[in-house]
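Structure data (compact mmCIF, C-alpha atoms) from upload_38.txt:
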```
# COMPACT_ATOMS: atom_id res chain seq x y z
CA LYS A 1 74.03 95.65 96.37
CA GLN A 2 75.80 97.62 99.07
CA GLU A 3 79.59 97.40 99.08
CA VAL A 4 81.74 98.72 101.91
CA THR A 5 85.46 99.37 101.52
CA GLN A 6 88.01 100.23 104.17
CA ILE A 7 91.36 101.81 103.46
CA PRO A 8 94.07 101.13 104.44
CA ALA A 9 93.86 97.40 105.11
CA ALA A 10 96.70 97.69 107.62
CA LEU A 11 98.35 100.58 109.41
CA SER A 12 101.33 100.80 111.75
CA VAL A 13 102.01 104.01 113.69
CA PRO A 14 104.16 105.07 116.64
CA GLU A 15 102.46 105.73 119.94
CA GLY A 16 101.04 109.23 120.33
CA GLU A 17 100.16 109.80 116.70
CA ASN A 18 96.73 110.95 115.61
CA LEU A 19 95.32 108.75 112.87
CA VAL A 20 92.40 108.43 110.50
CA LEU A 21 90.72 105.27 109.26
CA ASN A 22 88.53 105.44 106.18
CA CYS A 23 85.31 103.72 105.21
CA SER A 24 83.37 104.15 101.97
CA PHE A 25 80.06 102.69 100.83
CA THR A 26 78.37 102.54 97.45
CA ASP A 27 74.69 102.95 98.37
CA SER A 28 74.02 106.16 100.26
CA ALA A 29 70.53 105.05 101.32
CA ILE A 30 71.69 103.98 104.75
CA TYR A 31 69.99 104.25 108.13
CA ASN A 32 73.19 104.34 110.15
CA LEU A 33 76.89 103.53 110.18
CA GLN A 34 78.66 101.77 113.01
CA TRP A 35 82.34 101.41 113.88
CA PHE A 36 83.51 98.27 115.67
CA ARG A 37 86.72 97.10 117.22
CA GLN A 38 87.85 93.47 117.15
CA ASP A 39 90.76 92.12 119.18
CA PRO A 40 92.43 88.87 118.03
CA GLY A 41 90.30 85.85 118.85
CA LYS A 42 87.48 88.00 120.21
CA GLY A 43 84.09 89.25 119.13
CA LEU A 44 83.21 92.68 117.79
CA THR A 45 82.78 95.55 120.20
CA SER A 46 80.70 98.53 119.13
CA LEU A 47 82.58 101.83 119.34
CA LEU A 48 80.33 104.43 117.76
CA LEU A 49 76.98 104.56 115.97
CA ILE A 50 76.14 107.45 113.65
CA GLN A 51 72.56 107.79 112.48
CA SER A 52 72.04 108.90 108.87
CA SER A 53 70.85 112.33 110.04
CA GLN A 54 74.01 112.93 112.06
CA ARG A 55 77.41 114.21 110.93
CA GLU A 56 79.61 112.92 113.72
CA GLN A 57 79.82 111.12 117.04
CA THR A 58 82.51 111.31 119.70
CA SER A 59 83.57 108.95 122.46
CA GLY A 60 86.70 109.79 124.39
CA ARG A 61 89.64 109.85 121.97
CA LEU A 62 87.48 108.58 119.12
CA ASN A 63 85.58 110.74 116.65
CA ALA A 64 83.59 109.33 113.76
CA SER A 65 82.24 111.45 110.94
CA LEU A 66 79.70 110.64 108.27
CA ASP A 67 79.20 112.18 104.84
CA LYS A 68 76.24 110.23 103.59
CA SER A 69 75.96 111.95 100.21
CA SER A 70 79.53 111.08 99.26
CA GLY A 71 79.37 107.64 100.85
CA ARG A 72 82.21 108.17 103.31
CA SER A 73 82.99 107.89 106.97
CA THR A 74 86.18 108.42 108.92
CA LEU A 75 87.25 107.26 112.35
CA TYR A 76 89.72 109.61 113.98
CA ILE A 77 91.80 108.30 116.87
CA ALA A 78 93.64 110.95 118.86
CA ALA A 79 96.90 110.32 120.72
CA SER A 80 97.05 106.65 119.82
CA GLN A 81 98.15 104.09 122.43
CA PRO A 82 99.43 100.50 122.13
CA GLY A 83 96.11 99.38 123.61
CA ASP A 84 94.38 100.74 120.50
CA SER A 85 95.99 97.96 118.45
CA ALA A 86 93.15 95.93 116.96
CA THR A 87 91.13 95.53 113.78
CA TYR A 88 88.59 98.28 113.17
CA LEU A 89 85.51 97.52 111.08
CA CYS A 90 82.77 99.75 109.78
CA ALA A 91 79.29 98.55 108.90
CA VAL A 92 76.26 100.22 107.35
CA THR A 93 72.58 99.44 107.83
CA ASN A 94 70.35 99.50 104.75
CA ALA A 95 66.70 98.76 104.13
CA GLY A 96 65.46 95.66 105.92
CA ASN A 97 68.06 96.20 108.66
CA MET A 98 70.70 94.52 106.48
CA LEU A 99 74.12 95.12 108.08
CA THR A 100 77.04 95.15 105.61
CA PHE A 101 80.67 95.18 106.74
CA GLY A 102 83.89 96.46 105.27
CA GLY A 103 87.02 94.32 105.26
CA GLY A 104 88.52 96.10 108.25
CA THR A 105 91.73 98.02 109.00
CA ARG A 106 94.31 96.23 111.10
CA LEU A 107 95.96 98.83 113.34
CA MET A 108 99.25 98.39 115.15
CA VAL A 109 100.40 101.13 117.55
CA LYS A 110 104.05 100.69 118.48
CA PRO A 111 105.32 101.79 121.91
CA ASP B 1 73.11 91.66 131.75
CA ALA B 2 72.40 92.80 128.18
CA ARG B 3 74.59 90.78 125.89
CA VAL B 4 74.39 88.28 123.06
CA THR B 5 75.28 84.78 124.21
CA GLN B 6 76.61 82.11 121.89
CA THR B 7 77.20 78.45 122.62
CA PRO B 8 79.41 76.55 122.33
CA ARG B 9 82.46 78.84 122.34
CA ASP B 10 84.61 76.18 120.68
CA LYS B 11 83.66 73.09 118.72
CA VAL B 12 85.90 70.48 117.13
CA THR B 13 84.14 67.87 115.07
CA GLU B 14 84.85 65.28 112.43
CA MET B 15 83.90 65.76 108.83
CA GLY B 16 80.38 64.55 108.16
CA GLN B 17 79.06 65.22 111.64
CA GLU B 18 76.17 67.54 112.41
CA VAL B 19 76.98 70.81 114.16
CA THR B 20 74.46 73.06 115.91
CA MET B 21 75.37 76.53 117.11
CA ARG B 22 73.09 78.54 119.35
CA CYS B 23 72.56 82.21 119.96
CA GLN B 24 70.55 84.03 122.59
CA PRO B 25 69.95 87.60 121.39
CA ILE B 26 69.56 90.52 123.75
CA LEU B 27 66.08 90.49 125.25
CA GLY B 28 63.76 92.66 123.19
CA HIS B 29 65.96 92.75 120.10
CA ASN B 30 63.98 91.76 117.01
CA THR B 31 66.69 91.39 114.35
CA VAL B 32 69.26 88.58 114.53
CA PHE B 33 72.21 88.01 112.20
CA TRP B 34 74.52 85.05 111.58
CA TYR B 35 77.99 85.85 110.20
CA ARG B 36 80.97 83.67 109.38
CA GLN B 37 84.51 85.04 109.67
CA THR B 38 87.63 83.62 108.09
CA MET B 39 91.03 85.12 107.43
CA MET B 40 90.50 84.92 103.69
CA GLN B 41 86.89 86.14 103.40
CA GLY B 42 86.44 88.41 106.37
CA LEU B 43 82.89 88.72 107.72
CA GLU B 44 80.28 87.07 105.51
CA LEU B 45 76.56 87.39 106.18
CA LEU B 46 74.95 83.95 106.22
CA ALA B 47 71.38 84.76 107.24
CA TYR B 48 69.30 87.17 109.22
CA PHE B 49 65.88 87.26 110.83
CA ARG B 50 63.48 90.00 111.76
CA ASN B 51 60.72 89.20 114.23
CA ARG B 52 61.78 85.55 113.85
CA ALA B 53 61.07 85.54 110.08
CA PRO B 54 64.01 84.85 107.75
CA LEU B 55 64.73 87.93 105.61
CA ASP B 56 67.82 86.88 103.73
CA ASP B 57 69.72 83.61 103.71
CA SER B 58 71.31 84.01 100.29
CA GLY B 59 74.79 83.86 101.80
CA MET B 60 74.21 80.41 103.21
CA PRO B 61 74.95 77.14 101.35
CA LYS B 62 71.44 75.70 101.37
CA ASP B 63 72.42 72.11 100.84
CA ARG B 64 74.11 71.80 104.22
CA PHE B 65 73.28 74.90 106.30
CA SER B 66 70.02 75.80 107.96
CA ALA B 67 69.10 78.66 110.27
CA GLU B 68 66.02 78.97 112.45
CA MET B 69 64.51 80.99 115.27
CA PRO B 70 62.31 78.62 117.26
CA ASP B 71 61.39 81.51 119.55
CA ALA B 72 62.41 85.10 120.19
CA THR B 73 65.12 84.09 122.64
CA LEU B 74 66.91 81.49 120.53
CA ALA B 75 68.48 81.37 117.08
CA THR B 76 70.19 78.26 115.74
CA LEU B 77 72.59 77.59 112.90
CA LYS B 78 72.98 73.99 111.85
CA ILE B 79 75.49 72.39 109.49
CA GLN B 80 74.82 68.86 108.27
CA PRO B 81 77.08 67.31 107.10
CA SER B 82 80.02 69.45 108.15
CA GLU B 83 83.12 69.79 105.95
CA PRO B 84 86.65 71.06 106.67
CA ARG B 85 85.97 74.22 104.62
CA ASP B 86 83.29 75.14 107.18
CA SER B 87 86.03 75.77 109.75
CA ALA B 88 85.63 79.40 110.81
CA VAL B 89 84.34 81.60 113.60
CA TYR B 90 80.58 82.01 113.51
CA PHE B 91 79.14 85.17 115.03
CA CYS B 92 75.63 86.06 116.02
CA ALA B 93 74.50 89.68 116.39
CA SER B 94 71.25 91.29 117.43
CA VAL B 95 69.68 94.71 116.87
CA GLY B 96 66.72 96.36 118.53
CA GLU B 97 63.86 98.19 116.89
CA GLY B 98 64.58 101.47 115.10
CA HIS B 99 68.00 100.92 113.46
CA THR B 100 69.88 100.96 116.70
CA GLU B 101 73.27 99.61 117.66
CA ALA B 102 74.22 96.04 116.71
CA PHE B 103 75.68 93.85 119.45
CA PHE B 104 77.77 90.79 118.77
CA GLY B 105 78.30 87.58 120.66
CA GLN B 106 81.77 86.20 121.35
CA GLY B 107 81.48 83.72 118.51
CA THR B 108 81.71 79.97 118.08
CA ARG B 109 85.07 78.77 116.77
CA LEU B 110 84.35 75.71 114.63
CA THR B 111 87.06 73.30 113.52
CA VAL B 112 86.11 70.45 111.22
CA VAL B 113 88.81 67.80 110.89
```

What would the structure in this file look like if it were written as structure tokens?
Amino acid sequence: KQEVTQIPAALSVPEGENLVLNCSFTDSAIYNLQWFRQDPGKGLTSLLLIQSSQREQTSGRLNASLDKSSGRSTLYIAASQPGDSATYLCAVTNAGNMLTFGGGTRLMVKP
Amino acid sequence: DARVTQTPRDKVTEMGQEVTMRCQPILGHNTVFWYRQTMMQGLELLAYFRNRAPLDDSGMPKDRFSAEMPDATLATLKIQPSEPRDSAVYFCASVGEGHTEAFFGQGTRLTVV
């Protein structure tokens, strides 16, 4: 059974810092990995999707990497802003299109 | 407008009542998920369908929960009878063919009193 872990569970940084969120998974037989953002009381918004054949994806100040063989992904946020404060979740897709989530990292960026 | 639509957005009901939540996946998406989110448990997978067929509902309490896809444009999650411990936000998500991006609805916030 796939298990997804995110470290740290919570992170507080001053505005302007670059930061890295971590995601690890136990079964490397994945089709893709997706990073989501969730604001309080809201749904999940997709940020980046990395297919299993890819190493990284970039969108603006966000860069996600994938090391499938070691079961790890990182989300790098450059020049963080208070508006980046949210919970970030990673999820992997396995056989049968099963989508398994990590517990999330709650990020606070202080002005 | 390609998005997943969930109704109702909020539902308050009394213990013992039946609750039905609805989800309209993105047109053309063939995989639909139901998740429950609480502060304590995070996101739990309840059930999911592919081409309207249930693939996995092992996360769902069978005695009171049921999930169906009457057609490709509608997925339903029903709780009967509801209990206070069912209070949570229920999310629906859909995915297209070929392991593409998953899109989530805004959720149904259920409160059982």

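Proximity ranking of B:Val112, B:Val89, B:Val12, B:Val19 relative to chain A places B:Val89 first, based on all atoms listed in the file.
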
Within 7 Å of chain A, which residues of chain B show up when using all atoms listed in the file, listed as a compact mmCIF listing (two decimals) with C-alpha atoms, in the frame of the given file?
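Here's the written file part_34.txt:
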```txt
# COMPACT_ATOMS: atom_id res chain seq x y z
CA GLY B 42 86.44 88.41 106.37
CA LEU B 43 82.89 88.72 107.72
CA HIS B 99 68.00 100.92 113.46
CA GLU B 101 73.27 99.61 117.66
CA PHE B 103 75.68 93.85 119.45
CA PHE B 104 77.77 90.79 118.77
CA GLY B 105 78.30 87.58 120.66
CA GLN B 106 81.77 86.20 121.35
CA GLY B 107 81.48 83.72 118.51
```

Please provide as an mmCIF file with C-alpha atoms, in the coordinates of the input all residues within 9 Å of Thr74 in chain A, with the sequence filter that same-chain residues fewer than 3 positions apart are discarded (counting only C-alpha atoms).
```cif
data_model
loop_
_atom_site.group_PDB
_atom_site.id
_atom_site.type_symbol
_atom_site.label_atom_id
_atom_site.label_comp_id
_atom_site.auth_asym_id
_atom_site.auth_seq_id
_atom_site.Cartn_x
_atom_site.Cartn_y
_atom_site.Cartn_z
ATOM 1 C CA VAL A 20 92.400 108.430 110.500
ATOM 2 C CA LEU A 21 90.720 105.270 109.260
ATOM 3 C CA ASN A 22 88.530 105.440 106.180
ATOM 4 C CA CYS A 23 85.310 103.720 105.210
ATOM 5 C CA SER A 24 83.370 104.150 101.970
ATOM 6 C CA ASN A 63 85.580 110.740 116.650
ATOM 7 C CA ALA A 64 83.590 109.330 113.760
ATOM 8 C CA SER A 65 82.240 111.450 110.940
ATOM 9 C CA LEU A 66 79.700 110.640 108.270
ATOM 10 C CA ASP A 67 79.200 112.180 104.840
#
```

Centre, edges in Å (one decimal): axis-aligned box, range 27-32 of chain A, 8 Å padding on all six sides, as JSON:
```
{"center_x": 72.3, "center_y": 104.6, "center_z": 104.3, "size_x": 20.7, "size_y": 19.2, "size_z": 27.8}
```

CA of Gln54 in chain A to CA of Ala10 in chain A, distance in Å rounded to a single decimal: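 Computing the Euclidean distance for CA of Gln54 in chain A and CA of Ala10 in chain A yields 27.7 Å.
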
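By all atoms listed in the file, and with residues fewer than 5 positions from Lys68 in chain A along its chain excluded, the set lying at most 8 Å from it is Ser28, Ile30, Ser52 and Ser73 of chain A.
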
Two-atom distance - CA of Arg36 in chain B, CA of Asn51 in chain B (Å):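 Those two atoms sit 21.5 Å apart.
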
Which residue of B:Pro8, B:Arg50, B:Val95, B:Thr100 approaches Thr20 in chain B most closely, using all atoms listed in the file: B:Pro8

Separation of CA of Val4 in chain B from CA of Ala86 in chain A in Å: 21.2 Å

Counting all atoms listed in the file, the residue of A:Asp39, A:Asp84, A:Glu3, A:Glu56 that sits nearest Glu15 in chain A: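 So, comparing all the options, the nearest one is A:Asp84.
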
Nearby residues (all atoms listed in the file) at most 7 Å from Ile26 in chain B, same-chain spacing under 6 positions excluded, as a ChimeraX atom specification: /B:2-4,94

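Checking B:Ala47, B:Pro25, B:Gln17, B:Thr5 one by one against Glu83 in chain B, counting only C-alpha atoms, you find the shortest gap at B:Gln17.
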
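Minimum atom-to-atom distances from B:Ile79, B:Met60, B:Ala102, B:Leu55 to Tyr35 in chain B were compared using only C-alpha atoms, and the lowest value belongs to B:Met60.
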
Given only C-alpha atoms as the counted atoms, nearest of B:Val32, B:Leu110, B:Met40, B:Ala53 to Ala75 in chain B: B:Val32

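Within 8 Å of Met21 in chain B, once all atoms listed in the file are used and residues closer than 2 positions along the same chain are dropped, the contacting residues are Gln6, Thr7, Pro8, Val19, Cys23, Thr76, Leu77, Lys78 and Thr108 of chain B.
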